[in-house]
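**Q** Here you go, this is start.cif (mmCIF, C-alpha atoms).
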data_final
#
loop_
_atom_site.label_atom_id
_atom_site.label_comp_id
_atom_site.auth_asym_id
_atom_site.auth_seq_id
_atom_site.Cartn_x
_atom_site.Cartn_y
_atom_site.Cartn_z
CA MET A 1 -20.20 11.20 -52.95
CA THR A 2 -16.48 10.53 -52.43
CA PHE A 3 -14.47 11.88 -49.54
CA GLU A 4 -10.87 11.94 -50.78
CA ALA A 5 -11.01 15.76 -50.76
CA TRP A 6 -10.89 15.65 -46.96
CA ILE A 7 -7.42 14.07 -46.95
CA GLY A 8 -4.94 16.72 -45.88
CA ARG A 9 -7.45 19.01 -44.18
CA GLU A 10 -6.04 20.59 -41.04
CA THR A 11 -7.32 22.24 -37.92
CA ARG A 12 -5.27 24.04 -35.29
CA ALA A 13 -5.96 24.61 -31.61
CA THR A 14 -4.22 26.16 -28.62
CA ASP A 15 -4.55 25.51 -24.91
CA ARG A 16 -2.71 25.79 -21.63
CA LEU A 17 -2.19 23.03 -19.10
CA ASP A 18 -3.06 25.21 -16.13
CA GLU A 19 -3.25 24.27 -12.46
CA GLY A 20 -7.02 23.88 -12.58
CA LEU A 21 -7.05 21.35 -15.42
CA ALA A 22 -4.13 19.45 -13.90
CA THR A 23 -5.85 19.29 -10.51
CA ARG A 24 -9.14 18.09 -12.01
CA TRP A 25 -7.38 15.43 -14.09
CA LEU A 26 -5.42 14.13 -11.10
CA ALA A 27 -8.53 14.15 -8.90
CA THR A 28 -10.46 12.15 -11.48
CA PHE A 29 -7.90 9.35 -11.22
CA ASN A 30 -7.16 9.72 -7.47
CA LEU A 31 -3.56 10.71 -8.19
CA ALA A 32 -1.37 13.03 -6.12
CA LYS A 33 0.11 16.20 -7.60
CA PRO A 34 3.47 15.27 -9.13
CA LEU A 35 6.74 16.78 -7.93
CA PRO A 36 8.33 18.12 -10.05
CA PRO A 37 5.09 19.32 -11.72
CA ILE A 38 5.30 17.03 -14.77
CA MET A 39 1.96 15.46 -15.65
CA PRO A 40 1.50 11.72 -16.22
CA GLN A 41 1.19 10.38 -19.74
CA GLY A 42 -2.37 10.51 -21.02
CA ILE A 43 -2.97 14.15 -20.11
CA HIS A 44 -2.82 15.06 -23.80
CA PHE A 45 -6.29 13.51 -24.25
CA ALA A 46 -7.64 16.47 -22.22
CA LEU A 47 -5.79 19.19 -24.16
CA CYS A 48 -7.01 21.13 -27.21
CA THR A 49 -10.39 19.44 -26.93
CA PRO A 50 -13.18 20.10 -29.49
CA GLN A 51 -14.82 23.49 -29.02
CA ALA A 52 -17.89 23.17 -31.27
CA PRO A 53 -20.82 25.36 -30.16
CA SER A 54 -23.73 23.43 -28.66
CA ALA A 55 -25.98 24.52 -31.53
CA THR A 56 -23.78 22.56 -33.96
CA LEU A 57 -23.93 19.22 -32.16
CA GLY A 58 -25.59 16.25 -33.81
CA GLU A 59 -28.08 13.88 -32.20
CA ASP A 60 -25.30 11.69 -30.82
CA GLY A 61 -23.55 14.68 -29.23
CA HIS A 62 -20.63 14.86 -31.67
CA PRO A 63 -20.10 18.01 -33.74
CA ALA A 64 -22.22 17.79 -36.89
CA ARG A 65 -20.42 17.25 -40.21
CA ASP A 66 -21.27 18.58 -43.65
CA ASP A 67 -19.67 19.04 -47.07
CA SER A 68 -18.52 22.61 -46.46
CA PRO A 69 -14.82 23.58 -46.44
CA ASP A 70 -15.14 24.22 -42.69
CA SER A 71 -16.07 20.62 -41.91
CA PHE A 72 -12.88 18.96 -40.70
CA LEU A 73 -14.26 15.39 -40.77
CA PRO A 74 -16.14 13.95 -43.78
CA PRO A 75 -19.96 13.83 -43.65
CA PHE A 76 -20.30 10.08 -43.95
CA PRO A 77 -23.96 9.03 -43.93
CA MET A 78 -23.24 6.42 -41.25
CA PRO A 79 -24.25 8.05 -37.95
CA ARG A 80 -22.47 5.92 -35.33
CA ARG A 81 -18.95 7.02 -34.48
CA MET A 82 -16.32 5.05 -32.55
CA TRP A 83 -12.74 5.83 -31.49
CA ALA A 84 -11.33 2.51 -32.70
CA SER A 85 -7.60 2.82 -32.02
CA SER A 86 -4.60 5.08 -31.57
CA LYS A 87 -0.86 4.91 -32.11
CA ILE A 88 1.01 7.33 -29.87
CA ALA A 89 4.62 8.48 -29.78
CA PHE A 90 5.68 10.31 -26.61
CA HIS A 91 8.50 12.75 -27.41
CA ALA A 92 8.59 14.79 -24.20
CA PRO A 93 6.60 15.06 -20.96
CA ILE A 94 4.16 17.95 -20.47
CA ALA A 95 4.62 20.22 -17.45
CA ILE A 96 1.89 22.05 -15.57
CA GLY A 97 1.74 25.57 -16.98
CA ALA A 98 2.85 24.58 -20.49
CA VAL A 99 1.39 26.41 -23.49
CA ILE A 100 -0.07 23.83 -25.87
CA GLU A 101 -0.45 23.91 -29.64
CA ARG A 102 -2.03 21.10 -31.66
CA VAL A 103 -2.21 20.61 -35.40
CA SER A 104 -4.65 17.89 -36.49
CA LYS A 105 -4.64 16.56 -40.05
CA VAL A 106 -6.83 14.04 -41.88
CA ALA A 107 -4.26 11.46 -42.98
CA SER A 108 -6.50 8.95 -44.74
CA VAL A 109 -10.13 8.14 -45.54
CA SER A 110 -11.55 4.78 -46.62
CA GLU A 111 -14.84 2.86 -46.82
CA LYS A 112 -15.69 -0.81 -46.92
CA GLU A 113 -18.46 -3.32 -46.34
CA GLY A 114 -18.43 -5.16 -43.04
CA GLY A 115 -20.52 -7.84 -41.41
CA SER A 116 -22.72 -5.17 -39.84
CA GLY A 117 -22.99 -3.04 -43.00
CA ARG A 118 -21.04 -0.12 -44.41
CA LEU A 119 -18.02 1.16 -42.52
CA ALA A 120 -15.94 4.29 -42.96
CA PHE A 121 -12.50 4.90 -41.50
CA VAL A 122 -10.68 8.17 -40.89
CA ASP A 123 -7.09 8.42 -39.64
CA VAL A 124 -6.35 11.74 -37.96
CA GLU A 125 -2.79 12.72 -37.05
CA HIS A 126 -2.48 15.01 -34.03
CA VAL A 127 0.85 16.76 -33.39
CA THR A 128 0.88 18.29 -29.92
CA LYS A 129 3.54 20.78 -28.90
CA ALA A 130 4.25 22.02 -25.37
CA ASN A 131 6.07 25.34 -25.11
CA GLY A 132 7.00 25.07 -28.77
CA SER A 133 8.50 21.55 -28.71
CA ILE A 134 6.82 18.37 -29.92
CA ALA A 135 5.45 16.43 -26.95
CA VAL A 136 3.06 13.86 -28.46
CA ILE A 137 2.27 12.60 -31.94
CA GLU A 138 -0.87 10.48 -32.14
CA THR A 139 -2.60 8.86 -35.09
CA GLN A 140 -6.21 8.24 -34.15
CA THR A 141 -8.51 5.96 -36.15
CA LEU A 142 -12.22 6.79 -36.15
CA VAL A 143 -14.84 4.35 -37.44
CA TYR A 144 -18.32 5.29 -38.64
CA ARG A 145 -21.03 2.63 -38.71
CA GLU A 146 -24.62 2.40 -39.83
CA ALA A 147 -27.43 2.99 -37.33
CA ALA A 148 -28.40 0.05 -35.16
CA ALA A 149 -31.76 -1.56 -35.77
CA PRO A 150 -34.28 -0.79 -33.00
CA ASP A 151 -34.47 -4.48 -32.12
CA ALA A 152 -30.75 -5.22 -32.47
CA PRO A 153 -29.29 -7.27 -29.59
CA LEU A 154 -27.65 -5.13 -26.94
CA SER A 155 -23.86 -5.01 -27.10
CA PRO A 156 -21.85 -6.47 -25.53
CA PRO A 157 -23.73 -9.63 -24.50
CA PRO A 158 -24.58 -10.07 -20.82
CA LEU A 159 -21.70 -11.16 -18.62
CA GLY A 160 -21.14 -14.89 -18.81
CA ASP A 161 -20.20 -17.40 -16.15
CA GLY A 162 -16.46 -17.16 -16.86
CA ARG A 163 -13.96 -15.35 -14.69
CA PHE A 164 -10.90 -13.42 -15.79
CA ASP A 165 -7.69 -15.30 -14.93
CA PRO A 166 -4.65 -13.01 -14.46
CA THR A 167 -2.24 -15.94 -14.60
CA GLY A 168 0.49 -15.16 -17.08
CA TRP A 169 0.41 -11.41 -16.55
CA ASP A 170 3.09 -9.57 -14.56
CA ALA A 171 0.84 -6.80 -13.22
CA HIS A 172 -2.89 -6.72 -12.53
CA ARG A 173 -5.27 -4.03 -11.33
CA THR A 174 -9.03 -4.28 -10.92
CA LEU A 175 -11.47 -1.38 -10.74
CA THR A 176 -15.10 -0.62 -11.55
CA PRO A 177 -15.56 2.47 -13.74
CA ASP A 178 -18.87 3.99 -12.69
CA ALA A 179 -21.05 6.78 -14.07
CA ARG A 180 -19.25 9.38 -11.94
CA LEU A 181 -15.88 8.52 -13.45
CA LEU A 182 -17.34 8.58 -16.97
CA PHE A 183 -18.97 11.95 -16.31
CA ARG A 184 -15.74 13.47 -15.05
CA TYR A 185 -13.74 12.10 -17.98
CA SER A 186 -16.31 13.44 -20.45
CA ALA A 187 -16.00 16.84 -18.76
CA LEU A 188 -12.18 16.76 -18.86
CA THR A 189 -12.16 15.95 -22.58
CA PHE A 190 -15.25 18.04 -23.47
CA ASN A 191 -16.72 14.87 -24.97
CA THR A 192 -20.47 15.12 -25.51
CA HIS A 193 -21.00 11.69 -27.08
CA ARG A 194 -24.19 10.54 -25.38
CA ILE A 195 -23.19 6.89 -25.04
CA HIS A 196 -21.02 7.92 -22.06
CA TYR A 197 -23.68 9.70 -19.94
CA ASP A 198 -27.16 9.19 -21.43
CA ALA A 199 -28.22 5.61 -20.65
CA PRO A 200 -31.61 5.71 -22.47
CA TYR A 201 -29.86 6.95 -25.62
CA ALA A 202 -26.98 4.46 -25.32
CA GLU A 203 -29.39 1.54 -24.97
CA GLY A 204 -32.35 2.64 -27.06
CA VAL A 205 -30.55 4.23 -30.02
CA GLU A 206 -27.04 2.82 -30.23
CA ARG A 207 -28.04 -0.48 -28.59
CA TYR A 208 -25.34 -0.72 -25.94
CA ARG A 209 -26.07 -2.64 -22.76
CA GLY A 210 -25.30 0.40 -20.63
CA LEU A 211 -23.09 3.46 -20.48
CA VAL A 212 -19.91 2.86 -22.48
CA VAL A 213 -16.50 3.48 -20.94
CA HIS A 214 -14.47 5.82 -23.17
CA GLY A 215 -11.69 4.16 -25.15
CA PRO A 216 -9.13 6.80 -24.12
CA LEU A 217 -10.28 6.48 -20.50
CA THR A 218 -9.34 2.79 -20.57
CA ALA A 219 -6.12 3.75 -22.35
CA SER A 220 -5.36 6.31 -19.63
CA LEU A 221 -5.86 3.66 -16.95
CA LEU A 222 -3.46 1.33 -18.81
CA LEU A 223 -0.90 4.14 -19.02
CA GLN A 224 -1.21 4.57 -15.26
CA LEU A 225 -0.62 0.85 -14.77
CA ALA A 226 2.54 1.14 -16.89
CA ALA A 227 3.65 4.14 -14.82
CA ARG A 228 3.10 2.18 -11.61
CA GLU A 229 5.30 -0.63 -12.89
CA LEU A 230 7.96 1.30 -14.83
CA GLY A 231 7.90 4.86 -13.48
CA GLU A 232 6.26 8.04 -14.70
CA ASN A 233 6.77 9.20 -18.29
CA ARG A 234 8.88 6.17 -19.19
CA LEU A 235 6.98 5.10 -22.29
CA ARG A 236 8.14 6.25 -25.72
CA SER A 237 5.33 4.54 -27.62
CA PHE A 238 1.85 3.28 -26.83
CA ALA A 239 -0.85 1.83 -29.07
CA PHE A 240 -4.32 0.65 -28.17
CA ARG A 241 -7.28 -0.85 -30.00
CA GLY A 242 -10.83 -1.34 -28.78
CA LEU A 243 -12.11 -4.90 -29.17
CA SER A 244 -15.40 -4.79 -27.26
CA PRO A 245 -17.28 -2.16 -25.23
CA ALA A 246 -16.59 -1.84 -21.52
CA ILE A 247 -19.77 -1.07 -19.58
CA ALA A 248 -19.94 1.29 -16.60
CA GLY A 249 -20.63 -0.40 -13.28
CA GLU A 250 -18.87 -3.63 -14.26
CA SER A 251 -15.41 -4.69 -13.13
CA LEU A 252 -12.50 -4.02 -15.44
CA HIS A 253 -9.24 -5.94 -15.23
CA LEU A 254 -6.11 -4.09 -16.36
CA VAL A 255 -3.02 -6.19 -17.01
CA MET A 256 0.54 -5.84 -18.28
CA ARG A 257 3.48 -8.11 -19.05
CA LYS A 258 6.90 -7.99 -20.68
CA GLY A 259 6.87 -9.16 -24.27
CA GLU A 260 9.51 -9.94 -26.86
CA ALA A 261 9.38 -6.45 -28.38
CA GLY A 262 8.26 -4.31 -25.46
CA TYR A 263 5.23 -4.57 -23.20
CA GLU A 264 1.79 -6.04 -23.75
CA LEU A 265 -1.19 -4.48 -21.99
CA ALA A 266 -4.88 -5.29 -22.05
CA ALA A 267 -8.22 -4.70 -20.39
CA PHE A 268 -10.73 -7.48 -19.74
CA ALA A 269 -14.29 -7.65 -18.47
CA GLY A 270 -15.04 -9.70 -15.38
CA ASP A 271 -16.03 -12.78 -17.37
CA GLY A 272 -12.80 -12.76 -19.40
CA ARG A 273 -14.06 -10.94 -22.50
CA GLN A 274 -11.22 -8.78 -23.84
CA VAL A 275 -12.09 -5.11 -24.04
CA THR A 276 -8.82 -3.46 -25.13
CA GLN A 277 -5.54 -4.60 -26.65
CA ALA A 278 -2.45 -2.43 -26.19
CA SER A 279 1.31 -2.38 -26.53
CA ALA A 280 4.06 -0.09 -25.29
CA GLY A 281 7.75 0.57 -25.73
CA VAL A 282 10.33 2.36 -23.60
#
Would you encode the structure as structure tokens?
**A**
Amino acid sequence: MTFEAWIGRETRATDRLDEGLATRWLATFNLAKPLPPIMPQGIHFALCTPQAPSATLGEDGHPARDDSPDSFLPPFPMPRRMWASSKIAFHAPIAIGAVIERVSKVASVSEKEGGSGRLAFVDVEHVTKANGSIAVIETQTLVYREAAAPDAPLSPPPLGDGRFDPTGWDAHRTLTPDARLLFRYSALTFNTHRIHYDAPYAEGVERYRGLVVHGPLTASLLLQLAARELGENRLRSFAFRGLSPAIAGESLHLVMRKGEAGYELAAFAGDGRQVTQASAGV
């Protein structure tokens, strides 16, 4: 079965960035309410979230996919799904109270053989408007992988003896994302992927070494680091790519520095293993 027919499929959603959502988002990250009431960059991850009924969820917690015209994403036979990367253009900040519209379109579909077996890639373009004006355009890349063998080594490997060295970075923040933070972020984004809250599933089925920190959660923390250094809503572009899973309960080092063509950002595990690569422009 080929999946080119999914290219161009669209789905539309509406939302409102009300006081309740804004307050919950800020509380999750220990941030004060902004004055004027313009939300920090990254809030769009919690807007127009998937609304699939519980009865339609697959084993992993994601909405099930099939070959019907109503299935937005292709029904690849590979069951493991990852948010691999995003490229984001910030056109305007989003105020508390804004009416949100989002149009999501499948931009490309491809398959290939990788070292761990078959892989499938889907690029989805999300255009988010606030009060009728474009606020954020994001191209998100999803990767589908084959099921892990029951005896596959847990990923990532246990922490080594190394230590992350922040030398060479202009800004550095350390925190430990725990299960409470992951739970709240899953609730904010209506994300039911079980690797973020169901440890027996994450370890026994998908063969992760523990609960996995969401890619956009790490991205949101990097955006907050940029805001701390440059000011709120200063970025015009931001791109991030996951390199290795971050595990809940383990320290995460967030760093940033000025580069030749903008800013470089990254997240590292405590032993120096790089988790996320990112870049930003103002």
**Q** What is the CA of Val205 in chain A to CA of Trp6 in chain A distance in Å?
**A** 28.4 Å
**Q** Can you work out the spacing between CA of Leu73 in chain A and CA of Arg118 in chain A in Å, to one decimal?
**A**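 Interatomic distance here is 17.3 Å.
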**Q** Using all atoms listed in the file, which of the listed residues (A:Asn191, A:Thr139, A:Ser86, A:Thr28) sits closest to Val106 in chain A?
**A**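 Looking only at the distances to Val106 in chain A, the closest residue turns out to be A:Thr139.
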**Q** What is the CA of Leu17 in chain A to CA of Glu138 in chain A distance in Å?
**A**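 Result for CA of Leu17 in chain A versus CA of Glu138 in chain A: 18.1 Å, one decimal.
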**Q** For the provided coordinates, the residues matched by the PyMOL selection byres ((chain A and resi 2) around 12) should be stated as a ChimeraX atom specification.
**A** /A:1,3-7,67,74-77,109-111,120
**Q** Nearest to Arg228 in chain A among A:Pro40, A:Pro150, A:Asp66, A:Gly162, with distances taken over all atoms listed in the file: which residue is it?
**A**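 Between A:Pro40, A:Pro150, A:Asp66, A:Gly162, the residue approaching Arg228 in chain A most closely is A:Pro40.
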